[in-house]
Amino acid sequence: MSSTPNAERKTLILTGASRGIGHATVKRFASAGWRVITCSRHAFPENCPWEMGPEDHIQVDLADPDDTLRAIGEMRRAARRRRILASARWSTTPASRPRATAALGCAPSTPRSTTGSTSSRSISSRPIMLARGLIEELERAKGAVVNVTSIAGGRVHPFAGAAYATSKAALAALTREMAIDFGPRGIRVNAISPGEIDTAILSPGTDRIVQEQIPLRRLGEPEEVAKAIYFLCTDQSSYVNGAELHINGGQHV
């Protein structure tokens with residue numbers, strides 16, 4: 001771990017950090033010396049090894065607008081310096097472009113959250129709430145936002161369902177809108193779109209998809225997704241804004 005004083009370290013705020021890709025992302029950033037503030041619906045698991053884990057964990061239900069606003073206050077108090085905001089599951093003044101519903105001007109209740117699986121609840125509105133609530137910190141640090149969409153947002157997937165797929169497609173569109181509205185403030189907004197990643201949420205029958213639809217003929221590893229998130233959060237991607245990076249072994253082509 002880095003010995004850099006806490007106030008000088010780059011900080012990652014990661015929502016949906018309780019398992020799989022979230023765990024791998026924490027490890028990737030922590031190994032690079034970042035301070036990681038994790039957020040999930042669950043309490044901090046005692047078996048997690050990273051530094052300052054319990055102290056830098058915020059338990060929050062992002063499906064609940066009031067709880068989300070409460071957590072934003074905790075996030076602002078928890079970190080002295082924001083570098084990036086990564087939204088793994090799913091402000092302030094009007095934007096400079098003359099649009100009635102620019103991302104910076106949306107009320108917390110719009111767009112409406114979707115119904116369906118737990119993982120798709122409020123996927124459209126929470127990234128706006130989080131980014132607007134932390135905009136001063138993000139702007140001061142020239143930070144970045146990374147939304148996590150899905151291959152199901154761009155093509156029909158046999159295991160996704162309408163609610164989940166629609167919410168992910170909406171998040172991809174929201175990423176583009178946020179990139180335009182936050183860009184003039186020096187805040188980049190991008191998304192990653194994972195395909196079949198080797199986590200506990202894989203459905204039976206995924207092996208057939210791997211053999212028939214993925215040119216690389218294998219599942220992706222959570223660490224490979226984490227590396228892409230890290231890339232989009234660092235100066236290596238300093239001129240990347242409004243992009244959706246496909247991480248699926250070629251499944252989307």
# chains A, B, ... in the order shown; residues from 1 in each chain; ligands from 1

$ residues_around --residues "Glu196 of chain A" --least-positions-apart "3" --cutoff "9 Å" --atoms "only C-alpha atoms" --output "VMD selection string"
chain A and resid 151 199 202 206 209 to 210 214 218 to 221 247 to 249 251

$ write_last_selection --atoms "C-alpha atoms" --output "short mmCIF file (atom, residue, chain, number, x, y, z; two decimals), in the first residue's frame"
data_model
loop_
_atom_site.label_atom_id
_atom_site.label_comp_id
_atom_site.auth_asym_id
_atom_site.auth_seq_id
_atom_site.Cartn_x
_atom_site.Cartn_y
_atom_site.Cartn_z
CA ILE A 151 -24.09 -6.22 -23.09
CA THR A 199 -18.95 -14.25 -11.07
CA LEU A 202 -23.85 -16.40 -13.98
CA THR A 206 -23.72 -19.61 -19.99
CA ILE A 209 -23.07 -18.73 -24.96
CA VAL A 210 -19.31 -18.85 -24.45
CA ILE A 214 -17.74 -15.28 -27.80
CA ARG A 218 -13.85 -18.06 -22.50
CA LEU A 219 -15.46 -16.10 -19.69
CA GLY A 220 -14.05 -12.77 -18.65
CA GLU A 221 -12.43 -12.41 -15.25
CA ILE A 247 -15.56 -5.96 -22.17
CA ASN A 248 -16.97 -9.18 -23.59
CA GLY A 249 -14.34 -10.99 -25.62
CA GLN A 251 -19.45 -11.05 -28.06
#

$ atom_distance --atom1 "atom CA of Ala173 of chain A" --atom2 "atom CA of Glu136 of chain A"
23.6 Å

$ residues_around --residues "segment 21-32 of chain A" --least-positions-apart "5" --cutoff "6 Å" --atoms "only C-alpha atoms" --output "list in words"
Pro222, Glu223 and Ala226 of chain A

$ write_last_selection --atoms "N, CA and C atoms" --output "compact mmCIF listing (two decimals), in the first residue's frame"
# COMPACT_ATOMS: atom_id res chain seq x y z
N PRO A 222 -13.27 -11.05 -13.38
CA PRO A 222 -13.56 -9.77 -12.73
C PRO A 222 -12.37 -8.82 -12.74
N GLU A 223 -11.17 -9.35 -12.64
CA GLU A 223 -9.98 -8.50 -12.65
C GLU A 223 -9.82 -7.78 -13.98
N ALA A 226 -12.05 -4.83 -13.78
CA ALA A 226 -11.47 -3.85 -12.86
C ALA A 226 -10.36 -3.05 -13.53

$ atom_distance --atom1 "atom CA of Leu245 of chain A" --atom2 "atom CA of Ala191 of chain A"
6.2 Å

$ closest_residue --among "A:Met178, A:Ala165, A:Ile229, A:Ala131" --to "Val148 of chain A" --atoms "only C-alpha atoms"
A:Ile229

$ atom_distance --atom1 "atom CA of Leu174 of chain A" --atom2 "atom CA of Ile192 of chain A"
12.8 Å

$ residues_around --residues "Arg41 of chain A" --least-positions-apart "2" --cutoff "12 Å" --atoms "only C-alpha atoms" --output "JSON, numbers by chain"
{"A": [15, 16, 17, 18, 19, 38, 39, 43, 44, 45, 57, 58, 59, 60, 61, 62, 63, 64, 67, 68, 71, 89, 118, 119]}

$ write_last_selection --atoms "N, CA and C atoms" --output "PDB file, in the first residue's frame"
ATOM      1  N   THR A  15     -19.803   2.095  -5.725  1.00  0.00           N
ATOM      2  CA  THR A  15     -21.092   1.561  -5.306  1.00  0.00           C
ATOM      3  C   THR A  15     -21.237   0.141  -5.834  1.00  0.00           C
ATOM      4  N   GLY A  16     -22.057  -0.643  -5.165  1.00  0.00           N
ATOM      5  CA  GLY A  16     -22.202  -2.043  -5.565  1.00  0.00           C
ATOM      6  C   GLY A  16     -20.924  -2.818  -5.349  1.00  0.00           C
ATOM      7  N   ALA A  17     -20.297  -2.626  -4.192  1.00  0.00           N
ATOM      8  CA  ALA A  17     -18.958  -3.166  -3.965  1.00  0.00           C
ATOM      9  C   ALA A  17     -18.953  -4.478  -3.200  1.00  0.00           C
ATOM     10  N   SER A  18     -20.095  -5.136  -3.087  1.00  0.00           N
ATOM     11  CA  SER A  18     -20.185  -6.257  -2.145  1.00  0.00           C
ATOM     12  C   SER A  18     -19.680  -7.579  -2.699  1.00  0.00           C
ATOM     13  N   ARG A  19     -19.459  -7.702  -4.017  1.00  0.00           N
ATOM     14  CA  ARG A  19     -19.034  -8.997  -4.537  1.00  0.00           C
ATOM     15  C   ARG A  19     -18.493  -8.849  -5.952  1.00  0.00           C
ATOM     16  N   THR A  38     -16.156   2.184  -0.097  1.00  0.00           N
ATOM     17  CA  THR A  38     -17.112   1.248  -0.676  1.00  0.00           C
ATOM     18  C   THR A  38     -18.519   1.551  -0.176  1.00  0.00           C
ATOM     19  N   CYS A  39     -19.489   1.279  -1.049  1.00  0.00           N
ATOM     20  CA  CYS A  39     -20.898   1.501  -0.723  1.00  0.00           C
ATOM     21  C   CYS A  39     -21.702   0.297  -1.199  1.00  0.00           C
ATOM     22  N   ALA A  43     -23.646  -4.615   5.168  1.00  0.00           N
ATOM     23  CA  ALA A  43     -22.587  -4.157   6.061  1.00  0.00           C
ATOM     24  C   ALA A  43     -21.236  -4.658   5.555  1.00  0.00           C
ATOM     25  N   PHE A  44     -20.169  -4.039   6.013  1.00  0.00           N
ATOM     26  CA  PHE A  44     -18.831  -4.435   5.567  1.00  0.00           C
ATOM     27  C   PHE A  44     -18.523  -5.858   6.031  1.00  0.00           C
ATOM     28  N   PRO A  45     -18.149  -6.752   5.106  1.00  0.00           N
ATOM     29  CA  PRO A  45     -17.841  -8.132   5.503  1.00  0.00           C
ATOM     30  C   PRO A  45     -16.513  -8.216   6.235  1.00  0.00           C
ATOM     31  N   HIS A  57     -16.479   2.252   4.675  1.00  0.00           N
ATOM     32  CA  HIS A  57     -17.623   1.575   4.069  1.00  0.00           C
ATOM     33  C   HIS A  57     -18.906   2.290   4.465  1.00  0.00           C
ATOM     34  N   ILE A  58     -19.767   2.537   3.488  1.00  0.00           N
ATOM     35  CA  ILE A  58     -21.045   3.199   3.731  1.00  0.00           C
ATOM     36  C   ILE A  58     -22.159   2.250   3.326  1.00  0.00           C
ATOM     37  N   GLN A  59     -22.992   1.888   4.263  1.00  0.00           N
ATOM     38  CA  GLN A  59     -24.127   1.022   3.964  1.00  0.00           C
ATOM     39  C   GLN A  59     -25.278   1.889   3.476  1.00  0.00           C
ATOM     40  N   VAL A  60     -25.767   1.604   2.262  1.00  0.00           N
ATOM     41  CA  VAL A  60     -26.794   2.451   1.657  1.00  0.00           C
ATOM     42  C   VAL A  60     -27.636   1.634   0.694  1.00  0.00           C
ATOM     43  N   ASP A  61     -28.914   1.922   0.659  1.00  0.00           N
ATOM     44  CA  ASP A  61     -29.825   1.331  -0.315  1.00  0.00           C
ATOM     45  C   ASP A  61     -30.062   2.366  -1.404  1.00  0.00           C
ATOM     46  N   LEU A  62     -29.396   2.195  -2.543  1.00  0.00           N
ATOM     47  CA  LEU A  62     -29.501   3.174  -3.620  1.00  0.00           C
ATOM     48  C   LEU A  62     -30.869   3.179  -4.285  1.00  0.00           C
ATOM     49  N   ALA A  63     -31.717   2.216  -3.964  1.00  0.00           N
ATOM     50  CA  ALA A  63     -33.081   2.243  -4.476  1.00  0.00           C
ATOM     51  C   ALA A  63     -33.942   3.235  -3.708  1.00  0.00           C
ATOM     52  N   ASP A  64     -33.451   3.717  -2.583  1.00  0.00           N
ATOM     53  CA  ASP A  64     -34.182   4.645  -1.732  1.00  0.00           C
ATOM     54  C   ASP A  64     -33.580   6.037  -1.891  1.00  0.00           C
ATOM     55  N   ASP A  67     -32.311   7.610   1.365  1.00  0.00           N
ATOM     56  CA  ASP A  67     -31.109   6.962   1.879  1.00  0.00           C
ATOM     57  C   ASP A  67     -29.900   7.324   1.023  1.00  0.00           C
ATOM     58  N   THR A  68     -30.120   7.477  -0.288  1.00  0.00           N
ATOM     59  CA  THR A  68     -29.037   7.881  -1.175  1.00  0.00           C
ATOM     60  C   THR A  68     -28.530   9.271  -0.817  1.00  0.00           C
ATOM     61  N   ALA A  71     -26.487   9.083   2.261  1.00  0.00           N
ATOM     62  CA  ALA A  71     -25.172   8.504   2.000  1.00  0.00           C
ATOM     63  C   ALA A  71     -24.244   9.495   1.303  1.00  0.00           C
ATOM     64  N   ARG A  89     -23.328  -0.214 -10.239  1.00  0.00           N
ATOM     65  CA  ARG A  89     -24.608  -0.890 -10.343  1.00  0.00           C
ATOM     66  C   ARG A  89     -25.590   0.022 -11.058  1.00  0.00           C
ATOM     67  N   THR A 118     -33.593  -6.690  -8.505  1.00  0.00           N
ATOM     68  CA  THR A 118     -32.943  -5.813  -7.541  1.00  0.00           C
ATOM     69  C   THR A 118     -31.794  -5.050  -8.178  1.00  0.00           C
ATOM     70  N   SER A 119     -31.044  -5.706  -9.060  1.00  0.00           N
ATOM     71  CA  SER A 119     -29.865  -5.067  -9.639  1.00  0.00           C
ATOM     72  C   SER A 119     -30.209  -3.943 -10.593  1.00  0.00           C
TER      73      SER A 119
END

$ closest_residue --among "A:Gly183, A:His42, A:Arg76, A:Asp207" --to "Glu139 of chain A" --atoms "only C-alpha atoms"
A:Gly183

$ closest_residue --among "A:Gly20, A:Ile201, A:Ile187, A:Ala160" --to "Arg140 of chain A" --atoms "only C-alpha atoms"
A:Ile187

$ select_by_dssp --residues "segment 111-183 of chain A" --states "helix (DSSP H, G or I)" --output "PDB file with N, CA and C atoms, in the first residue's frame"
ATOM      1  N   THR A 118     -33.593  -6.690  -8.505  1.00  0.00           N
ATOM      2  CA  THR A 118     -32.943  -5.813  -7.541  1.00  0.00           C
ATOM      3  C   THR A 118     -31.794  -5.050  -8.178  1.00  0.00           C
ATOM      4  N   SER A 119     -31.044  -5.706  -9.060  1.00  0.00           N
ATOM      5  CA  SER A 119     -29.865  -5.067  -9.639  1.00  0.00           C
ATOM      6  C   SER A 119     -30.209  -3.943 -10.593  1.00  0.00           C
ATOM      7  N   SER A 120     -31.469  -3.854 -11.044  1.00  0.00           N
ATOM      8  CA  SER A 120     -31.826  -2.808 -11.987  1.00  0.00           C
ATOM      9  C   SER A 120     -32.602  -1.671 -11.357  1.00  0.00           C
ATOM     10  N   ARG A 126     -29.879   7.151 -10.070  1.00  0.00           N
ATOM     11  CA  ARG A 126     -28.895   7.246  -9.007  1.00  0.00           C
ATOM     12  C   ARG A 126     -27.550   7.807  -9.454  1.00  0.00           C
ATOM     13  N   PRO A 127     -27.039   7.456 -10.648  1.00  0.00           N
ATOM     14  CA  PRO A 127     -25.779   8.083 -11.052  1.00  0.00           C
ATOM     15  C   PRO A 127     -25.859   9.602 -11.105  1.00  0.00           C
ATOM     16  N   ILE A 128     -27.017  10.147 -11.521  1.00  0.00           N
ATOM     17  CA  ILE A 128     -27.169  11.598 -11.530  1.00  0.00           C
ATOM     18  C   ILE A 128     -27.149  12.133 -10.107  1.00  0.00           C
ATOM     19  N   MET A 129     -27.887  11.487  -9.218  1.00  0.00           N
ATOM     20  CA  MET A 129     -27.922  11.951  -7.831  1.00  0.00           C
ATOM     21  C   MET A 129     -26.532  11.955  -7.207  1.00  0.00           C
ATOM     22  N   LEU A 130     -25.782  10.864  -7.428  1.00  0.00           N
ATOM     23  CA  LEU A 130     -24.451  10.764  -6.849  1.00  0.00           C
ATOM     24  C   LEU A 130     -23.512  11.817  -7.425  1.00  0.00           C
ATOM     25  N   ALA A 131     -23.515  11.953  -8.747  1.00  0.00           N
ATOM     26  CA  ALA A 131     -22.597  12.901  -9.380  1.00  0.00           C
ATOM     27  C   ALA A 131     -22.956  14.339  -9.040  1.00  0.00           C
ATOM     28  N   ARG A 132     -24.239  14.652  -9.018  1.00  0.00           N
ATOM     29  CA  ARG A 132     -24.647  16.008  -8.637  1.00  0.00           C
ATOM     30  C   ARG A 132     -24.287  16.294  -7.184  1.00  0.00           C
ATOM     31  N   GLY A 133     -24.493  15.304  -6.327  1.00  0.00           N
ATOM     32  CA  GLY A 133     -24.208  15.507  -4.914  1.00  0.00           C
ATOM     33  C   GLY A 133     -22.737  15.680  -4.618  1.00  0.00           C
ATOM     34  N   ILE A 135     -20.511  16.931  -6.962  1.00  0.00           N
ATOM     35  CA  ILE A 135     -19.948  17.661  -8.099  1.00  0.00           C
ATOM     36  C   ILE A 135     -18.823  18.603  -7.688  1.00  0.00           C
ATOM     37  N   GLU A 136     -18.912  19.208  -6.514  1.00  0.00           N
ATOM     38  CA  GLU A 136     -17.845  20.118  -6.102  1.00  0.00           C
ATOM     39  C   GLU A 136     -16.533  19.367  -5.919  1.00  0.00           C
ATOM     40  N   GLU A 137     -16.605  18.194  -5.307  1.00  0.00           N
ATOM     41  CA  GLU A 137     -15.401  17.384  -5.107  1.00  0.00           C
ATOM     42  C   GLU A 137     -14.861  16.868  -6.434  1.00  0.00           C
ATOM     43  N   LEU A 138     -15.756  16.411  -7.296  1.00  0.00           N
ATOM     44  CA  LEU A 138     -15.338  15.909  -8.604  1.00  0.00           C
ATOM     45  C   LEU A 138     -14.700  17.015  -9.445  1.00  0.00           C
ATOM     46  N   GLU A 139     -15.306  18.191  -9.431  1.00  0.00           N
ATOM     47  CA  GLU A 139     -14.769  19.299 -10.220  1.00  0.00           C
ATOM     48  C   GLU A 139     -13.410  19.744  -9.691  1.00  0.00           C
ATOM     49  N   ARG A 140     -13.279  19.807  -8.394  1.00  0.00           N
ATOM     50  CA  ARG A 140     -12.009  20.241  -7.804  1.00  0.00           C
ATOM     51  C   ARG A 140     -10.884  19.270  -8.135  1.00  0.00           C
ATOM     52  N   ALA A 141     -11.204  17.976  -8.198  1.00  0.00           N
ATOM     53  CA  ALA A 141     -10.186  16.955  -8.460  1.00  0.00           C
ATOM     54  C   ALA A 141     -10.055  16.613  -9.936  1.00  0.00           C
ATOM     55  N   ILE A 151     -23.848  -5.832 -21.710  1.00  0.00           N
ATOM     56  CA  ILE A 151     -24.087  -6.222 -23.086  1.00  0.00           C
ATOM     57  C   ILE A 151     -25.579  -6.335 -23.357  1.00  0.00           C
ATOM     58  N   ALA A 152     -26.369  -6.592 -22.318  1.00  0.00           N
ATOM     59  CA  ALA A 152     -27.825  -6.704 -22.473  1.00  0.00           C
ATOM     60  C   ALA A 152     -28.469  -5.378 -22.832  1.00  0.00           C
ATOM     61  N   GLY A 153     -27.768  -4.267 -22.636  1.00  0.00           N
ATOM     62  CA  GLY A 153     -28.314  -2.971 -23.000  1.00  0.00           C
ATOM     63  C   GLY A 153     -28.272  -2.691 -24.488  1.00  0.00           C
ATOM     64  N   ALA A 162     -36.618  -7.912 -19.787  1.00  0.00           N
ATOM     65  CA  ALA A 162     -36.912  -6.578 -20.309  1.00  0.00           C
ATOM     66  C   ALA A 162     -36.522  -5.465 -19.348  1.00  0.00           C
ATOM     67  N   ALA A 163     -36.827  -5.623 -18.055  1.00  0.00           N
ATOM     68  CA  ALA A 163     -36.554  -4.540 -17.113  1.00  0.00           C
ATOM     69  C   ALA A 163     -35.051  -4.274 -16.992  1.00  0.00           C
ATOM     70  N   TYR A 164     -34.274  -5.348 -16.839  1.00  0.00           N
ATOM     71  CA  TYR A 164     -32.832  -5.197 -16.694  1.00  0.00           C
ATOM     72  C   TYR A 164     -32.216  -4.620 -17.971  1.00  0.00           C
ATOM     73  N   ALA A 165     -32.591  -5.166 -19.128  1.00  0.00           N
ATOM     74  CA  ALA A 165     -32.021  -4.702 -20.392  1.00  0.00           C
ATOM     75  C   ALA A 165     -32.362  -3.239 -20.650  1.00  0.00           C
ATOM     76  N   THR A 166     -33.601  -2.866 -20.372  1.00  0.00           N
ATOM     77  CA  THR A 166     -34.013  -1.486 -20.595  1.00  0.00           C
ATOM     78  C   THR A 166     -33.267  -0.535 -19.673  1.00  0.00           C
ATOM     79  N   SER A 167     -33.080  -0.930 -18.424  1.00  0.00           N
ATOM     80  CA  SER A 167     -32.366  -0.066 -17.492  1.00  0.00           C
ATOM     81  C   SER A 167     -30.914   0.126 -17.903  1.00  0.00           C
ATOM     82  N   LYS A 168     -30.292  -0.918 -18.435  1.00  0.00           N
ATOM     83  CA  LYS A 168     -28.899  -0.804 -18.872  1.00  0.00           C
ATOM     84  C   LYS A 168     -28.775   0.041 -20.132  1.00  0.00           C
ATOM     85  N   ALA A 169     -29.737  -0.074 -21.037  1.00  0.00           N
ATOM     86  CA  ALA A 169     -29.733   0.783 -22.223  1.00  0.00           C
ATOM     87  C   ALA A 169     -29.905   2.240 -21.821  1.00  0.00           C
ATOM     88  N   ALA A 170     -30.771   2.484 -20.823  1.00  0.00           N
ATOM     89  CA  ALA A 170     -30.964   3.844 -20.338  1.00  0.00           C
ATOM     90  C   ALA A 170     -29.692   4.392 -19.714  1.00  0.00           C
ATOM     91  N   LEU A 171     -28.958   3.557 -19.010  1.00  0.00           N
ATOM     92  CA  LEU A 171     -27.723   4.006 -18.375  1.00  0.00           C
ATOM     93  C   LEU A 171     -26.667   4.351 -19.421  1.00  0.00           C
ATOM     94  N   ALA A 172     -26.642   3.624 -20.529  1.00  0.00           N
ATOM     95  CA  ALA A 172     -25.712   3.961 -21.616  1.00  0.00           C
ATOM     96  C   ALA A 172     -26.047   5.332 -22.198  1.00  0.00           C
ATOM     97  N   ALA A 173     -27.339   5.593 -22.392  1.00  0.00           N
ATOM     98  CA  ALA A 173     -27.752   6.901 -22.893  1.00  0.00           C
ATOM     99  C   ALA A 173     -27.447   7.998 -21.884  1.00  0.00           C
ATOM    100  N   LEU A 174     -27.684   7.702 -20.625  1.00  0.00           N
ATOM    101  CA  LEU A 174     -27.398   8.675 -19.579  1.00  0.00           C
ATOM    102  C   LEU A 174     -25.913   9.006 -19.526  1.00  0.00           C
ATOM    103  N   THR A 175     -25.074   8.021 -19.758  1.00  0.00           N
ATOM    104  CA  THR A 175     -23.627   8.259 -19.774  1.00  0.00           C
ATOM    105  C   THR A 175     -23.261   9.314 -20.803  1.00  0.00           C
ATOM    106  N   ARG A 176     -23.855   9.223 -21.992  1.00  0.00           N
ATOM    107  CA  ARG A 176     -23.578  10.211 -23.041  1.00  0.00           C
ATOM    108  C   ARG A 176     -24.055  11.600 -22.629  1.00  0.00           C
ATOM    109  N   GLU A 177     -25.264  11.656 -22.049  1.00  0.00           N
ATOM    110  CA  GLU A 177     -25.802  12.947 -21.616  1.00  0.00           C
ATOM    111  C   GLU A 177     -24.929  13.564 -20.522  1.00  0.00           C
ATOM    112  N   MET A 178     -24.527  12.750 -19.576  1.00  0.00           N
ATOM    113  CA  MET A 178     -23.687  13.254 -18.489  1.00  0.00           C
ATOM    114  C   MET A 178     -22.332  13.713 -19.008  1.00  0.00           C
ATOM    115  N   ALA A 179     -21.803  13.019 -20.019  1.00  0.00           N
ATOM    116  CA  ALA A 179     -20.498  13.396 -20.570  1.00  0.00           C
ATOM    117  C   ALA A 179     -20.533  14.810 -21.132  1.00  0.00           C
ATOM    118  N   ILE A 180     -21.636  15.167 -21.773  1.00  0.00           N
ATOM    119  CA  ILE A 180     -21.774  16.509 -22.331  1.00  0.00           C
ATOM    120  C   ILE A 180     -21.966  17.548 -21.229  1.00  0.00           C
ATOM    121  N   ASP A 181     -22.774  17.213 -20.239  1.00  0.00           N
ATOM    122  CA  ASP A 181     -23.119  18.189 -19.213  1.00  0.00           C
ATOM    123  C   ASP A 181     -22.019  18.391 -18.174  1.00  0.00           C
ATOM    124  N   PHE A 182     -21.273  17.333 -17.860  1.00  0.00           N
ATOM    125  CA  PHE A 182     -20.220  17.442 -16.861  1.00  0.00           C
ATOM    126  C   PHE A 182     -18.867  17.792 -17.477  1.00  0.00           C
ATOM    127  N   GLY A 183     -18.711  17.549 -18.783  1.00  0.00           N
ATOM    128  CA  GLY A 183     -17.437  17.797 -19.445  1.00  0.00           C
ATOM    129  C   GLY A 183     -16.897  19.206 -19.278  1.00  0.00           C
TER     130      GLY A 183
END

$ closest_residue --among "A:Asn241, A:Thr11, A:Gln211, A:Thr149" --to "Val225 of chain A" --atoms "only C-alpha atoms"
A:Thr149

$ select_by_dssp --residues "segment 107-245 of chain A" --states "strand (DSSP E)" --output "PyMOL selection string"
chain A and resi 144-148+188-194+244-245

$ closest_residue --among "A:Val189, A:Leu216, A:Ala200, A:Leu69" --to "Ser238 of chain A" --atoms "only C-alpha atoms"
A:Val189
